[in-house]
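J.: This is final.cif (mmCIF, C-alpha atoms and all ligand atoms).
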data_input
loop_
_atom_site.group_PDB
_atom_site.id
_atom_site.type_symbol
_atom_site.label_atom_id
_atom_site.label_comp_id
_atom_site.auth_asym_id
_atom_site.auth_seq_id
_atom_site.Cartn_x
_atom_site.Cartn_y
_atom_site.Cartn_z
ATOM 1 C CA MET A 1 -4.410 -13.540 -29.167
ATOM 2 C CA ALA A 2 -0.980 -15.146 -28.964
ATOM 3 C CA SER A 3 0.747 -11.783 -28.652
ATOM 4 C CA GLN A 4 -1.546 -10.590 -25.856
ATOM 5 C CA GLU A 5 -1.392 -13.658 -23.653
ATOM 6 C CA TYR A 6 1.484 -15.871 -22.646
ATOM 7 C CA GLU A 7 1.546 -19.250 -21.018
ATOM 8 C CA GLU A 8 2.333 -19.117 -17.353
ATOM 9 C CA SER A 9 5.026 -21.728 -16.930
ATOM 10 C CA ARG A 10 5.495 -21.189 -13.218
ATOM 11 C CA LYS A 11 2.939 -22.210 -10.617
ATOM 12 C CA THR A 12 -0.346 -20.617 -11.591
ATOM 13 C CA PHE A 13 -2.057 -18.284 -9.175
ATOM 14 C CA ALA A 14 -4.546 -20.033 -6.879
ATOM 15 C CA TRP A 15 -7.711 -18.067 -7.555
ATOM 16 C CA GLY A 16 -9.754 -20.348 -5.315
ATOM 17 C CA GLN A 17 -7.783 -19.636 -2.128
ATOM 18 C CA LYS A 18 -9.915 -16.720 -0.883
ATOM 19 C CA GLU A 19 -11.445 -18.352 2.180
ATOM 20 C CA ALA A 20 -8.134 -19.863 3.326
ATOM 21 C CA LEU A 21 -6.343 -16.519 2.909
ATOM 22 C CA LYS A 22 -9.082 -14.626 4.697
ATOM 23 C CA LYS A 23 -9.105 -17.096 7.578
ATOM 24 C CA ARG A 24 -5.324 -16.899 8.024
ATOM 25 C CA LEU A 25 -5.521 -13.111 8.230
ATOM 26 C CA GLU A 26 -8.497 -13.151 10.583
ATOM 27 C CA GLU A 27 -6.508 -15.402 12.896
ATOM 28 C CA PHE A 28 -3.280 -13.455 12.506
ATOM 29 C CA SER A 29 -1.244 -12.781 15.610
ATOM 30 C CA VAL A 30 1.320 -10.001 15.876
ATOM 31 C CA SER A 31 4.789 -11.269 16.731
ATOM 32 C CA HIS A 32 5.622 -8.716 19.441
ATOM 33 C CA PRO A 33 4.021 -8.564 22.895
ATOM 34 C CA ASP A 34 4.034 -4.721 22.996
ATOM 35 C CA VAL A 35 2.270 -4.271 19.679
ATOM 36 C CA LYS A 36 -1.448 -4.954 19.327
ATOM 37 C CA HIS A 37 -1.937 -3.513 15.858
ATOM 38 C CA ILE A 38 0.733 -3.770 13.229
ATOM 39 C CA ARG A 39 1.047 -0.464 11.362
ATOM 40 C CA ILE A 40 1.598 -0.225 7.615
ATOM 41 C CA LEU A 41 2.127 3.095 5.848
ATOM 42 C CA LEU A 42 0.859 3.816 2.353
ATOM 43 C CA ALA A 43 2.461 6.354 0.035
ATOM 44 C CA GLY A 44 2.103 7.173 -3.653
ATOM 45 C CA GLN A 45 1.023 9.833 -6.083
ATOM 46 C CA THR A 46 -2.409 11.448 -5.745
ATOM 47 C CA GLY A 47 -4.947 9.358 -7.614
ATOM 48 C CA ALA A 48 -2.857 6.170 -7.569
ATOM 49 C CA GLY A 49 -5.450 4.399 -5.406
ATOM 50 C CA LYS A 50 -4.182 4.596 -1.798
ATOM 51 C CA SER A 51 -7.541 5.364 -0.211
ATOM 52 C CA SER A 52 -9.286 2.874 -2.508
ATOM 53 C CA PHE A 53 -6.828 0.156 -1.429
ATOM 54 C CA ILE A 54 -7.605 0.815 2.240
ATOM 55 C CA ASN A 55 -11.323 0.598 1.506
ATOM 56 C CA SER A 56 -10.811 -2.509 -0.622
ATOM 57 C CA VAL A 57 -9.069 -4.308 2.269
ATOM 58 C CA ASN A 58 -11.981 -3.412 4.536
ATOM 59 C CA ASN A 59 -14.505 -4.458 1.882
ATOM 60 C CA VAL A 60 -12.964 -7.923 1.685
ATOM 61 C CA PHE A 61 -13.140 -8.534 5.430
ATOM 62 C CA GLN A 62 -16.591 -7.012 5.856
ATOM 63 C CA GLY A 63 -18.052 -8.545 2.701
ATOM 64 C CA ARG A 64 -19.588 -5.239 1.639
ATOM 65 C CA MET A 65 -18.618 -1.858 0.202
ATOM 66 C CA THR A 66 -17.080 0.563 2.703
ATOM 67 C CA SER A 67 -15.809 4.076 2.073
ATOM 68 C CA GLU A 68 -14.141 5.260 5.273
ATOM 69 C CA ALA A 69 -10.798 6.213 3.689
ATOM 70 C CA LEU A 70 -12.328 8.080 0.748
ATOM 71 C CA VAL A 71 -14.802 9.871 2.996
ATOM 72 C CA ASP A 72 -11.929 10.941 5.208
ATOM 73 C CA SER A 73 -10.066 12.521 2.310
ATOM 74 C CA ASN A 74 -10.947 16.088 3.145
ATOM 75 C CA ASP A 75 -9.859 19.348 1.469
ATOM 76 C CA LEU A 76 -10.934 18.980 -2.163
ATOM 77 C CA CYS A 77 -11.233 15.215 -1.788
ATOM 78 C CA PHE A 78 -7.505 14.606 -1.378
ATOM 79 C CA THR A 79 -5.926 13.152 1.707
ATOM 80 C CA LYS A 80 -3.564 15.802 3.033
ATOM 81 C CA ARG A 81 -3.301 14.558 6.575
ATOM 82 C CA LEU A 82 -1.785 11.517 8.171
ATOM 83 C CA LYS A 83 -4.791 9.329 8.813
ATOM 84 C CA SER A 84 -4.821 5.846 10.357
ATOM 85 C CA HIS A 85 -7.481 3.327 9.479
ATOM 86 C CA ARG A 86 -8.192 0.190 11.449
ATOM 87 C CA VAL A 87 -8.915 -2.892 9.410
ATOM 88 C CA ARG A 88 -12.221 -4.322 10.550
ATOM 89 C CA GLY A 89 -13.549 -7.813 10.089
ATOM 90 C CA ALA A 90 -17.099 -9.063 10.526
ATOM 91 C CA GLY A 91 -16.334 -9.835 14.178
ATOM 92 C CA GLY A 92 -14.521 -6.579 15.058
ATOM 93 C CA ASP A 93 -11.098 -5.006 14.627
ATOM 94 C CA LEU A 94 -8.292 -7.021 13.080
ATOM 95 C CA PRO A 95 -4.699 -6.386 14.295
ATOM 96 C CA PHE A 96 -3.803 -4.126 11.354
ATOM 97 C CA VAL A 97 -3.699 -0.378 10.858
ATOM 98 C CA LEU A 98 -3.269 1.180 7.409
ATOM 99 C CA ILE A 99 -1.935 4.726 7.383
ATOM 100 C CA ASP A 100 -3.001 7.004 4.545
ATOM 101 C CA THR A 101 -0.737 9.925 3.583
ATOM 102 C CA MET A 102 -0.839 12.916 1.289
ATOM 103 C CA GLY A 103 -0.004 12.133 -2.348
ATOM 104 C CA LEU A 104 3.699 12.262 -3.181
ATOM 105 C CA GLU A 105 4.307 14.525 -6.197
ATOM 106 C CA PRO A 106 7.245 15.031 -8.580
ATOM 107 C CA CYS A 107 7.559 18.806 -8.000
ATOM 108 C CA VAL A 108 9.733 20.081 -5.196
ATOM 109 C CA LEU A 109 7.102 22.151 -3.439
ATOM 110 C CA GLU A 110 4.213 19.737 -3.896
ATOM 111 C CA GLY A 111 3.142 16.888 -1.670
ATOM 112 C CA PRO A 112 4.905 15.825 1.504
ATOM 113 C CA TYR A 113 8.670 15.943 1.874
ATOM 114 C CA PRO A 114 10.306 12.503 1.609
ATOM 115 C CA GLU A 115 11.615 13.253 5.107
ATOM 116 C CA ASP A 116 8.022 13.526 6.396
ATOM 117 C CA ILE A 117 7.148 10.098 5.008
ATOM 118 C CA ILE A 118 10.282 8.662 6.654
ATOM 119 C CA GLN A 119 9.396 10.331 9.977
ATOM 120 C CA ALA A 120 5.836 9.015 9.689
ATOM 121 C CA ILE A 121 7.125 5.464 9.212
ATOM 122 C CA TYR A 122 9.303 5.801 12.307
ATOM 123 C CA GLY A 123 6.280 6.967 14.326
ATOM 124 C CA HIS A 124 7.354 10.589 14.796
ATOM 125 C CA VAL A 125 4.282 12.129 13.141
ATOM 126 C CA LYS A 126 1.067 12.680 15.068
ATOM 127 C CA GLU A 127 -2.287 11.463 13.789
ATOM 128 C CA ASN A 128 -4.074 14.101 11.691
ATOM 129 C CA TYR A 129 -0.903 16.054 10.975
ATOM 130 C CA LYS A 130 -1.520 18.149 7.866
ATOM 131 C CA PHE A 131 1.476 17.703 5.570
ATOM 132 C CA ASN A 132 2.993 21.003 4.545
ATOM 133 C CA PRO A 133 4.565 21.096 1.046
ATOM 134 C CA ASP A 134 6.439 24.298 2.021
ATOM 135 C CA GLU A 135 8.470 22.809 4.837
ATOM 136 C CA PRO A 136 9.132 19.449 6.469
ATOM 137 C CA LEU A 137 7.830 18.710 9.961
ATOM 138 C CA SER A 138 10.087 20.317 12.540
ATOM 139 C CA HIS A 139 11.353 18.434 15.592
ATOM 140 C CA ARG A 140 10.036 21.345 17.611
ATOM 141 C CA SER A 141 6.479 21.097 16.257
ATOM 142 C CA LYS A 142 3.594 19.994 18.508
ATOM 143 C CA ASP A 143 2.879 17.369 15.818
ATOM 144 C CA TYR A 144 6.302 15.756 16.310
ATOM 145 C CA ILE A 145 6.526 12.727 18.589
ATOM 146 C CA SER A 146 10.103 12.666 19.811
ATOM 147 C CA ASP A 147 10.156 9.249 21.428
ATOM 148 C CA PRO A 148 7.586 7.016 19.688
ATOM 149 C CA LEU A 149 6.535 3.681 21.123
ATOM 150 C CA LEU A 150 7.153 0.543 19.102
ATOM 151 C CA SER A 151 3.386 0.352 18.599
ATOM 152 C CA GLU A 152 3.407 3.809 16.956
ATOM 153 C CA GLN A 153 5.940 2.807 14.309
ATOM 154 C CA ALA A 154 5.145 1.333 10.905
ATOM 155 C CA PHE A 155 6.937 -1.831 9.835
ATOM 156 C CA CYS A 156 6.236 -1.818 6.126
ATOM 157 C CA LEU A 157 5.976 0.878 3.475
ATOM 158 C CA VAL A 158 3.514 0.146 0.714
ATOM 159 C CA TYR A 159 4.074 2.244 -2.367
ATOM 160 C CA ILE A 160 0.968 2.450 -4.538
ATOM 161 C CA VAL A 161 1.369 2.979 -8.283
ATOM 162 C CA ASP A 162 -1.288 2.754 -10.932
ATOM 163 C CA ALA A 163 -0.562 0.448 -13.836
ATOM 164 C CA PRO A 164 -1.809 2.712 -16.653
ATOM 165 C CA THR A 165 0.658 5.511 -15.852
ATOM 166 C CA ILE A 166 3.684 3.481 -14.744
ATOM 167 C CA GLN A 167 5.543 4.011 -18.026
ATOM 168 C CA TYR A 168 5.220 7.789 -17.641
ATOM 169 C CA ILE A 169 6.364 7.939 -14.016
ATOM 170 C CA ASP A 170 8.363 11.112 -13.423
ATOM 171 C CA GLU A 171 12.015 10.675 -12.515
ATOM 172 C CA ARG A 172 11.702 13.368 -9.847
ATOM 173 C CA LEU A 173 9.095 11.194 -8.175
ATOM 174 C CA THR A 174 11.218 8.053 -8.308
ATOM 175 C CA ASP A 175 14.094 10.130 -6.912
ATOM 176 C CA LYS A 176 11.946 11.035 -3.898
ATOM 177 C CA LEU A 177 11.049 7.391 -3.452
ATOM 178 C CA LYS A 178 14.730 6.454 -3.716
ATOM 179 C CA ILE A 179 15.534 8.747 -0.790
ATOM 180 C CA ILE A 180 12.778 7.149 1.281
ATOM 181 C CA ARG A 181 13.820 3.640 0.251
ATOM 182 C CA GLN A 182 17.453 4.163 1.160
ATOM 183 C CA ARG A 183 16.627 5.602 4.559
ATOM 184 C CA ILE A 184 14.116 2.957 5.597
ATOM 185 C CA GLY A 185 16.295 0.274 4.019
ATOM 186 C CA SER A 186 19.021 1.104 6.518
ATOM 187 C CA LYS A 187 16.551 0.088 9.224
ATOM 188 C CA ARG A 188 15.425 -2.928 7.207
ATOM 189 C CA ILE A 189 11.855 -1.665 6.835
ATOM 190 C CA PRO A 190 10.425 -3.562 3.849
ATOM 191 C CA LEU A 191 9.007 -1.821 0.771
ATOM 192 C CA MET A 192 6.194 -3.461 -1.141
ATOM 193 C CA ILE A 193 4.602 -2.184 -4.327
ATOM 194 C CA VAL A 194 0.890 -2.455 -5.016
ATOM 195 C CA MET A 195 0.123 -1.842 -8.696
ATOM 196 C CA THR A 196 -3.510 -0.754 -9.023
ATOM 197 C CA LYS A 197 -6.007 -0.255 -11.863
ATOM 198 C CA VAL A 198 -5.038 -3.423 -13.747
ATOM 199 C CA ASP A 199 -8.584 -3.344 -15.126
ATOM 200 C CA GLU A 200 -7.929 0.006 -16.819
ATOM 201 C CA ALA A 201 -4.490 -1.069 -17.988
ATOM 202 C CA CYS A 202 -5.425 -4.159 -19.998
ATOM 203 C CA PRO A 203 -8.659 -4.938 -21.888
ATOM 204 C CA LEU A 204 -8.157 -8.702 -21.432
ATOM 205 C CA VAL A 205 -7.980 -8.259 -17.674
ATOM 206 C CA ASN A 206 -10.894 -5.855 -17.724
ATOM 207 C CA ALA A 207 -13.024 -8.554 -19.334
ATOM 208 C CA ASP A 208 -11.682 -11.341 -17.099
ATOM 209 C CA LEU A 209 -9.582 -10.604 -14.034
ATOM 210 C CA ARG A 210 -8.205 -14.158 -14.112
ATOM 211 C CA LYS A 211 -6.176 -13.195 -17.209
ATOM 212 C CA LEU A 212 -4.021 -11.053 -14.918
ATOM 213 C CA TYR A 213 -1.192 -13.544 -14.646
ATOM 214 C CA THR A 214 -1.135 -14.397 -18.357
ATOM 215 C CA SER A 215 -1.550 -10.882 -19.739
ATOM 216 C CA GLU A 216 1.493 -9.825 -21.740
ATOM 217 C CA LYS A 217 0.622 -6.178 -21.139
ATOM 218 C CA ILE A 218 0.551 -6.587 -17.362
ATOM 219 C CA ARG A 219 3.781 -8.590 -17.434
ATOM 220 C CA LYS A 220 5.491 -5.722 -19.285
ATOM 221 C CA MET A 221 4.055 -3.203 -16.847
ATOM 222 C CA LYS A 222 5.475 -5.167 -13.930
ATOM 223 C CA ILE A 223 8.903 -5.212 -15.586
ATOM 224 C CA CYS A 224 8.648 -1.463 -16.270
ATOM 225 C CA CYS A 225 7.571 -0.816 -12.675
ATOM 226 C CA ALA A 226 10.491 -2.867 -11.321
ATOM 227 C CA GLU A 227 12.977 -0.969 -13.499
ATOM 228 C CA ARG A 228 11.626 2.509 -12.833
ATOM 229 C CA ILE A 229 11.244 2.077 -9.111
ATOM 230 C CA GLY A 230 14.258 -0.179 -8.646
ATOM 231 C CA VAL A 231 12.596 -3.091 -6.875
ATOM 232 C CA PRO A 232 12.468 -6.817 -7.653
ATOM 233 C CA ILE A 233 9.397 -7.960 -9.631
ATOM 234 C CA SER A 234 8.578 -10.293 -6.754
ATOM 235 C CA SER A 235 7.726 -7.316 -4.538
ATOM 236 C CA ILE A 236 5.103 -5.968 -6.970
ATOM 237 C CA TYR A 237 1.486 -6.984 -6.379
ATOM 238 C CA PRO A 238 -0.994 -6.144 -9.142
ATOM 239 C CA VAL A 239 -4.550 -5.545 -7.902
ATOM 240 C CA LYS A 240 -7.848 -4.149 -8.927
ATOM 241 C CA ASN A 241 -9.320 -1.961 -6.214
ATOM 242 C CA TYR A 242 -13.006 -1.670 -5.644
ATOM 243 C CA HIS A 243 -13.961 1.626 -7.240
ATOM 244 C CA ASP A 244 -17.490 1.607 -8.648
ATOM 245 C CA GLU A 245 -18.762 -1.841 -7.712
ATOM 246 C CA ILE A 246 -21.802 -2.413 -5.545
ATOM 247 C CA GLU A 247 -20.949 -5.924 -4.406
ATOM 248 C CA VAL A 248 -17.778 -7.765 -3.447
ATOM 249 C CA ASP A 249 -16.312 -10.276 -5.908
ATOM 250 C CA ASP A 250 -14.189 -13.332 -5.103
ATOM 251 C CA ASP A 251 -11.529 -12.676 -7.759
ATOM 252 C CA VAL A 252 -11.068 -9.029 -6.719
ATOM 253 C CA ASP A 253 -10.956 -10.179 -3.091
ATOM 254 C CA VAL A 254 -8.327 -12.855 -3.593
ATOM 255 C CA LEU A 255 -5.883 -10.425 -5.242
ATOM 256 C CA ILE A 256 -6.345 -7.890 -2.461
ATOM 257 C CA LEU A 257 -5.967 -10.606 0.190
ATOM 258 C CA ASN A 258 -2.864 -12.052 -1.431
ATOM 259 C CA ALA A 259 -1.172 -8.639 -1.575
ATOM 260 C CA PHE A 260 -2.285 -7.809 1.945
ATOM 261 C CA GLU A 261 -0.995 -11.092 3.364
ATOM 262 C CA GLN A 262 2.448 -10.513 1.858
ATOM 263 C CA ILE A 263 2.457 -6.981 3.267
ATOM 264 C CA VAL A 264 1.502 -7.974 6.808
ATOM 265 C CA ASN A 265 3.869 -10.934 6.802
ATOM 266 C CA SER A 266 6.810 -8.756 5.793
ATOM 267 C CA ALA A 267 5.848 -6.176 8.433
ATOM 268 C CA ASN A 268 5.500 -8.878 11.049
ATOM 269 C CA ASP A 269 8.847 -10.470 10.128
ATOM 270 C CA ARG A 270 10.482 -7.075 10.602
ATOM 271 C CA LEU A 271 8.711 -6.586 13.915
ATOM 272 C CA ARG A 272 9.820 -10.017 15.110
ATOM 273 C CA GLU A 273 13.439 -8.822 14.761
ATOM 274 C CA GLU A 274 12.641 -6.078 17.302
ATOM 275 C CA ALA A 275 11.734 -8.686 19.865
ATOM 276 C CA TYR A 276 15.305 -10.017 19.686
ATOM 277 C CA GLU A 277 17.104 -6.681 19.707
HETATM 278 N N1 LIG B 301 -10.615 1.301 -12.528
HETATM 279 C C1 LIG B 301 -10.011 1.461 -11.355
HETATM 280 N N2 LIG B 301 -10.118 2.625 -10.701
HETATM 281 C C2 LIG B 301 -9.481 2.759 -9.508
HETATM 282 C C3 LIG B 301 -8.710 1.697 -8.931
HETATM 283 N N3 LIG B 301 -8.188 2.147 -7.763
HETATM 284 C C4 LIG B 301 -8.617 3.432 -7.616
HETATM 285 N N4 LIG B 301 -9.395 3.800 -8.656
HETATM 286 C C5 LIG B 301 -10.006 5.121 -8.891
HETATM 287 O O1 LIG B 301 -8.948 6.066 -9.006
HETATM 288 C C6 LIG B 301 -9.294 7.295 -8.390
HETATM 289 C C7 LIG B 301 -8.246 7.685 -7.333
HETATM 290 O O2 LIG B 301 -8.278 6.733 -6.275
HETATM 291 P P1 LIG B 301 -7.949 7.151 -4.751
HETATM 292 O O3 LIG B 301 -8.073 5.914 -3.935
HETATM 293 O O4 LIG B 301 -8.757 8.338 -4.337
HETATM 294 O O5 LIG B 301 -6.413 7.567 -4.911
HETATM 295 P P2 LIG B 301 -5.438 8.231 -3.815
HETATM 296 O O6 LIG B 301 -5.338 9.675 -4.182
HETATM 297 O O7 LIG B 301 -4.120 7.535 -3.998
HETATM 298 O O8 LIG B 301 -6.027 7.990 -2.465
HETATM 299 C C8 LIG B 301 -10.696 7.110 -7.822
HETATM 300 O O9 LIG B 301 -11.638 7.629 -8.729
HETATM 301 C C9 LIG B 301 -10.833 5.588 -7.713
HETATM 302 O O10 LIG B 301 -12.179 5.186 -7.832
HETATM 303 C C10 LIG B 301 -8.624 0.453 -9.649
HETATM 304 O O11 LIG B 301 -7.956 -0.511 -9.246
HETATM 305 N N5 LIG B 301 -9.298 0.395 -10.847
HETATM 306 MG MG MG B 302 -6.603 9.380 -1.030
#
Go through the file and emit its structure as structure tokens.
Ligand SMILES: Nc1nc2c(ncn2[C@@H]2O[C@H](COP(=O)(O)OP(=O)(O)O)[C@@H](O)[C@H]2O)c(=O)[nH]1
Ligand SMILES: [Mg+2]
T.:
Amino acid sequence: MASQEYEESRKTFAWGQKEALKKRLEEFSVSHPDVKHIRILLAGQTGAGKSSFINSVNNVFQGRMTSEALVDSNDLCFTKRLKSHRVRGAGGDLPFVLIDTMGLEPCVLEGPYPEDIIQAIYGHVKENYKFNPDEPLSHRSKDYISDPLLSEQAFCLVYIVDAPTIQYIDERLTDKLKIIRQRIGSKRIPLMIVMTKVDEACPLVNADLRKLYTSEKIRKMKICCAERIGVPISSIYPVKNYHDEIEVDDDVDVLILNAFEQIVNSANDRLREEAYE
């Protein structure tokens, strides 16, 4: 087993922190008076697990399986429209909105244009806009918001990749992401990576999720992901989404919560800057 597992020399992951994490997020307050719900946009290839991540976040806070984001994926089960999802807790809405987008694809005339994702982050794209792989959203379109409010803008981009296919990621896809990253980077919008399907990627982790941080396979996948996408390893959060479970599980929850807390904190830090500008 020595070659499959390595000793974690750094601080080990606190698997028992679920309730504390959940409580912090339930009591979260947005750092700008004009923004009630902090918006976070999700992008990634079709099938990477965007809709499942949105449902997983809701599952954690509601303590049961939910399927709003998957149900909303219309047209042959794929999300093609810009679709916002509130995050709901047991006691009502939490101050977070997760925005689902059409799957980004390597081919030129497939998936949304990088420009459309950028415009969506900046709040220029209307809810329910159906992405058009043939042409980017025009400034003259009825779906274009020319002067978005601060509350309509997203303050973090979450790029979803699935662990099992990370080593085969197409360069044309990473090129599209590079365009998006450079543009939003100039406005200091943070990019976080959520690496899904760790259960499918490593048999050790499949048998015991707590092996995630000592799995050699997952460690290599994180390094590969960082190199291919061009991000620091520290911005990559490996998770297992709920996909065919019938009940919530504390270990699945704590990974989702940990990733989600980092995402909302980075979005909120960016939003706080707006208050001083
Ligand atoms: N085993 C496993 N399956 C997953 C995970 N996340 C998503 N899936 C499955 O992968 C497929 C695509 O997920 P979906 O959320 O629809 O991807 P999207 O196209 O990015 O929205 C679905 O069949 C999900 O059930 C995960 O973490 N582990
Ligand atoms: Mg989807």
J.: What is the distance, in Å and to one decimal place, between CA of Ile160 in chain A and CA of Tyr144 in chain A?
T.: 25.3 Å
J.: Work out how far apart CA of Tyr113 in chain A and CA of Leu137 in chain A are and give it in Å to one decimal.
T.: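 It comes out at 8.6 Å.
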J.: From the list A:Lys23, A:Arg219, A:Lys50, A:Lys178, which residue is nearest His243 in chain A when using only C-alpha atoms?
T.: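 Using only C-alpha atoms, His243 in chain A sits closest to A:Lys50.
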J.: Using the chain letters and numbers from the file, which residues does the PyMOL selection byres (((chain A and resi 229) around 12) and not hetatm) grab, as an NGL selection string?
T.: :A and (44 or 159-161 or 166-181 or 191-193 or 195 or 221-228 or 230-233 or 235-236)
J.: What does the distance from CA of Asn265 in chain A to CA of Ser31 in chain A come to in Å, to one decimal?
T.: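 For CA of Asn265 in chain A relative to CA of Ser31 in chain A, the distance reads 10.0 Å.
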J.: If you count all atoms listed in the file, which residues fall within 12 Å of Gly16 in chain A, apart from same-chain ones fewer than 3 positions away, as a list in words?
T.: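 Residues meeting the cut-off are Thr12, Phe13, Glu19, Ala20, Leu21, Lys22, Arg210, Asp250, Asp251, Val252, Asp253, Val254, Leu255, Leu257 and Asn258 of chain A.
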J.: Starting from the PyMOL selection byres (((chain A and resi 98-103) around 6) and not hetatm), expand the selection into actual residues of this file and give them as a count of residues only.
T.: 16
J.: Run through the PyMOL selection byres (((not hetatm)) within 7 of (chain B and resi 301)) on the given coordinates and return the selected residues as a PyMOL selection string.
T.: chain A and resi 44-53+70+78-79+103+196-200+239-244
J.: Counting all atoms listed in the file, which residue out of A:Ser67, A:Ser234, A:Thr165, A:Gln153 sits closest to ligand MG 302 (chain B)?
T.: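 Of the candidates, the smallest distance to ligand MG 302 (chain B) is held by A:Ser67.
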J.: Which one of A:Leu212, A:Ala69, A:Val87, A:Cys202 sits closest to ligand MG 302 (chain B) if you count only C-alpha atoms and all ligand atoms?
T.: A:Ala69
J.: First collect every listed atom of range 216-223 of chain A; then fit an axis-aligned box around them, widen it by 6 Å on each side, and give centre and edge lengths in Å to one decimal, as JSON.
T.:
{"center_x": 4.7, "center_y": -6.5, "center_z": -17.8, "size_x": 20.4, "size_y": 18.6, "size_z": 19.8}
J.: Select, from A:Arg272, A:Lys220, A:Arg81, A:His139, the residue with the minimum atom-to-atom distance to ligand MG 302 (chain B), counting only C-alpha atoms and all ligand atoms.
T.: A:Arg81
J.: Skipping near chain neighbours, those fewer than 4 positions away, what residues fall within 9 Å of Ser151 in chain A using only C-alpha atoms, listed as a PyMOL selection string?
T.: chain A and resi 34-39+123
J.: Just want the 12 Å neighbourhood of Ile189 in chain A, counted on all atoms listed in the file, with same-chain residues fewer than 2 positions away dropped. Output as a PyMOL selection string.
T.: chain A and resi 39-41+118+121-122+153-158+180-187+191-192+263+266-274
J.: Pick the closest to ligand MG 302 (chain B) from A:Glu26, A:Asp147, A:Glu68, A:Glu152: which is it, counting only C-alpha atoms and all ligand atoms?
T.: A:Glu68
